[in-house]
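So the structure is just underneath, and the comments pick up after that.
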Amino acid sequence: YKYYFEIAVTNLTANDVVNVNLALSSIATAEDCGLCQTVQSFSGKFRVYAKSIPSATITGEFYILAGES
């Protein structure tokens, strides 16, 4: 995946799991840009990947599952 976008999240760790749920209105845009279903966690942020730049804003919400410390 050539492109990625990072979202800052206070207190997020690399061990946490982030689940992203897209808004129904964003699904076609996500499919068109090849949005990856895998999300990578880092300290203070998470990253989503895509094969191309989305043609419109993709919206949704995310949930954090605390990982082992």
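Letters for chains follow the order of the structure tokens (A, B, ...), residue numbers begin at 1 for each chain, and ligand numbers begin at 1 in the order shown.
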Could you list, as a list in words, every residue within 9 Å of range 25-38 of chain A, counting only C-alpha atoms and ignoring same-chain residues fewer than 6 positions away?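 Listed by chain and then number, they are Tyr1, Asn19, Arg47, Val48, Tyr49, Ala50, Lys51, Ser52, Ile53, Pro54, Ser55, Ala56, Thr57, Ile58, Thr59 and Gly60 of chain A.
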Please run DSSP on the backbone and report, as a PyMOL selection string, all residues within chain A that come out as strand (DSSP E). chain A and resi 3-8+17-22+39-42+45-50+60-65
Here CA of Asn21 in chain A and CA of Tyr63 in chain A stand apart by 8.3 Å
If you run DSSP on the backbone, which residues of chain A are alpha helix (DSSP H), as a short mmCIF file (atom, residue, chain, number, x, y, z; two decimals) with N, CA and C atoms, in the first residue's frame?
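For reference, selection04.cif as written:
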data_model
loop_
_atom_site.label_atom_id
_atom_site.label_comp_id
_atom_site.auth_asym_id
_atom_site.auth_seq_id
_atom_site.Cartn_x
_atom_site.Cartn_y
_atom_site.Cartn_z
N ILE A 27 -18.13 4.03 2.17
CA ILE A 27 -17.70 2.70 1.72
C ILE A 27 -17.27 2.71 0.25
N ALA A 28 -18.01 3.34 -0.62
CA ALA A 28 -17.65 3.36 -2.05
C ALA A 28 -16.30 4.06 -2.25
N THR A 29 -16.07 5.16 -1.56
CA THR A 29 -14.80 5.86 -1.67
C THR A 29 -13.66 5.00 -1.17
N ALA A 30 -13.88 4.30 -0.05
CA ALA A 30 -12.86 3.41 0.50
C ALA A 30 -12.53 2.27 -0.45
N GLU A 31 -13.55 1.71 -1.07
CA GLU A 31 -13.32 0.63 -2.05
C GLU A 31 -12.56 1.15 -3.26
N ASP A 32 -12.93 2.33 -3.74
CA ASP A 32 -12.30 2.89 -4.93
C ASP A 32 -10.80 3.17 -4.74
#
For Leu65 in chain A, the nearest of the candidates A:Ser41, A:Leu24, A:Ile7, A:Lys2, counting only C-alpha atoms: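 The answer is A:Ser41, which sits nearest to Leu65 in chain A.
With distances restricted to only C-alpha atoms, A:Glu68 is the closest residue to Asn15 in chain A from A:Glu68, A:Phe46, A:Val39, A:Glu61.
By chain and then residue number, the residues within 9 Å of Leu12 in chain A are Ala8, Val9, Thr10, Ala14, Asn15, Asp16, Ser41, Phe42, Ser43, Gly44, Lys45, Phe46, Ile64 and Ala66 of chain A, counting only C-alpha atoms and disregarding those fewer than 2 positions away in sequence.
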Output file for the selection above: all heavy atoms, as an mmCIF file, in the first residue's frame:
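selection_20.cif was written with the following content:
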data_model
loop_
_atom_site.group_PDB
_atom_site.id
_atom_site.type_symbol
_atom_site.label_atom_id
_atom_site.label_comp_id
_atom_site.auth_asym_id
_atom_site.auth_seq_id
_atom_site.Cartn_x
_atom_site.Cartn_y
_atom_site.Cartn_z
ATOM 1 N N ALA A 8 -3.696 10.859 15.220
ATOM 2 C CA ALA A 8 -3.138 10.980 16.561
ATOM 3 C C ALA A 8 -4.171 10.595 17.610
ATOM 4 O O ALA A 8 -5.339 10.995 17.522
ATOM 5 C CB ALA A 8 -2.662 12.411 16.805
ATOM 6 N N VAL A 9 -3.735 9.795 18.585
ATOM 7 C CA VAL A 9 -4.601 9.371 19.690
ATOM 8 C C VAL A 9 -3.766 9.392 20.973
ATOM 9 O O VAL A 9 -2.798 8.637 21.102
ATOM 10 C CB VAL A 9 -5.164 7.951 19.473
ATOM 11 C CG1 VAL A 9 -6.042 7.541 20.643
ATOM 12 C CG2 VAL A 9 -5.927 7.860 18.172
ATOM 13 N N THR A 10 -4.130 10.259 21.890
ATOM 14 C CA THR A 10 -3.418 10.350 23.155
ATOM 15 C C THR A 10 -3.452 9.017 23.889
ATOM 16 O O THR A 10 -4.486 8.363 23.950
ATOM 17 C CB THR A 10 -4.055 11.444 24.036
ATOM 18 O OG1 THR A 10 -4.064 12.673 23.306
ATOM 19 C CG2 THR A 10 -3.296 11.636 25.337
ATOM 20 N N ALA A 14 1.662 0.937 20.962
ATOM 21 C CA ALA A 14 1.866 0.028 19.836
ATOM 22 C C ALA A 14 1.234 -1.338 20.102
ATOM 23 O O ALA A 14 0.988 -2.098 19.165
ATOM 24 C CB ALA A 14 3.354 -0.126 19.559
ATOM 25 N N ASN A 15 0.942 -1.642 21.361
ATOM 26 C CA ASN A 15 0.319 -2.923 21.714
ATOM 27 C C ASN A 15 -1.203 -2.897 21.651
ATOM 28 O O ASN A 15 -1.844 -3.937 21.737
ATOM 29 C CB ASN A 15 0.746 -3.349 23.126
ATOM 30 C CG ASN A 15 2.224 -3.647 23.202
ATOM 31 O OD1 ASN A 15 2.814 -4.144 22.256
ATOM 32 N ND2 ASN A 15 2.836 -3.328 24.330
ATOM 33 N N ASP A 16 -1.798 -1.713 21.536
ATOM 34 C CA ASP A 16 -3.252 -1.593 21.460
ATOM 35 C C ASP A 16 -3.748 -2.002 20.073
ATOM 36 O O ASP A 16 -3.023 -1.914 19.089
ATOM 37 C CB ASP A 16 -3.692 -0.155 21.751
ATOM 38 C CG ASP A 16 -3.399 0.265 23.178
ATOM 39 O OD1 ASP A 16 -3.278 -0.604 24.059
ATOM 40 O OD2 ASP A 16 -3.274 1.487 23.401
ATOM 41 N N SER A 41 -0.992 0.147 14.864
ATOM 42 C CA SER A 41 -0.902 1.002 16.047
ATOM 43 C C SER A 41 0.544 1.375 16.340
ATOM 44 O O SER A 41 1.447 0.555 16.185
ATOM 45 C CB SER A 41 -1.471 0.279 17.269
ATOM 46 O OG SER A 41 -2.804 -0.069 17.074
ATOM 47 N N PHE A 42 0.725 2.597 16.800
ATOM 48 C CA PHE A 42 2.016 3.108 17.239
ATOM 49 C C PHE A 42 1.809 3.843 18.555
ATOM 50 O O PHE A 42 0.671 4.027 18.987
ATOM 51 C CB PHE A 42 2.589 4.101 16.212
ATOM 52 C CG PHE A 42 2.851 3.513 14.860
ATOM 53 C CD1 PHE A 42 1.880 3.557 13.867
ATOM 54 C CD2 PHE A 42 4.067 2.918 14.580
ATOM 55 C CE1 PHE A 42 2.125 3.026 12.609
ATOM 56 C CE2 PHE A 42 4.320 2.383 13.327
ATOM 57 C CZ PHE A 42 3.351 2.429 12.343
ATOM 58 N N SER A 43 2.862 4.300 19.143
ATOM 59 C CA SER A 43 2.747 5.116 20.339
ATOM 60 C C SER A 43 2.179 6.483 19.948
ATOM 61 O O SER A 43 2.806 7.228 19.187
ATOM 62 C CB SER A 43 4.118 5.276 20.986
ATOM 63 O OG SER A 43 4.020 6.100 22.129
ATOM 64 N N GLY A 44 0.962 6.777 20.400
ATOM 65 C CA GLY A 44 0.342 8.073 20.156
ATOM 66 C C GLY A 44 -0.366 8.258 18.829
ATOM 67 O O GLY A 44 -0.862 9.349 18.539
ATOM 68 N N LYS A 45 -0.439 7.191 17.998
ATOM 69 C CA LYS A 45 -1.122 7.333 16.709
ATOM 70 C C LYS A 45 -1.423 5.962 16.116
ATOM 71 O O LYS A 45 -0.880 4.958 16.552
ATOM 72 C CB LYS A 45 -0.270 8.123 15.713
ATOM 73 C CG LYS A 45 1.040 7.426 15.374
ATOM 74 C CD LYS A 45 1.920 8.276 14.496
ATOM 75 C CE LYS A 45 3.261 7.602 14.241
ATOM 76 N NZ LYS A 45 4.168 8.457 13.483
ATOM 77 N N PHE A 46 -2.315 5.948 15.126
ATOM 78 C CA PHE A 46 -2.507 4.735 14.332
ATOM 79 C C PHE A 46 -2.508 5.117 12.867
ATOM 80 O O PHE A 46 -2.682 6.268 12.494
ATOM 81 C CB PHE A 46 -3.754 3.943 14.751
ATOM 82 C CG PHE A 46 -5.073 4.574 14.442
ATOM 83 C CD1 PHE A 46 -5.715 4.350 13.239
ATOM 84 C CD2 PHE A 46 -5.715 5.355 15.391
ATOM 85 C CE1 PHE A 46 -6.960 4.911 12.961
ATOM 86 C CE2 PHE A 46 -6.956 5.916 15.129
ATOM 87 C CZ PHE A 46 -7.572 5.688 13.917
ATOM 88 N N ILE A 64 -10.672 1.476 20.500
ATOM 89 C CA ILE A 64 -9.367 0.967 20.929
ATOM 90 C C ILE A 64 -9.574 -0.164 21.929
ATOM 91 O O ILE A 64 -10.323 -0.036 22.896
ATOM 92 C CB ILE A 64 -8.553 2.093 21.591
ATOM 93 C CG1 ILE A 64 -8.324 3.230 20.593
ATOM 94 C CG2 ILE A 64 -7.230 1.563 22.131
ATOM 95 C CD1 ILE A 64 -7.801 4.483 21.190
ATOM 96 N N ALA A 66 -7.423 -2.235 24.504
ATOM 97 C CA ALA A 66 -6.135 -2.128 25.187
ATOM 98 C C ALA A 66 -5.345 -3.428 25.052
ATOM 99 O O ALA A 66 -5.873 -4.511 25.301
ATOM 100 C CB ALA A 66 -6.347 -1.788 26.652
#
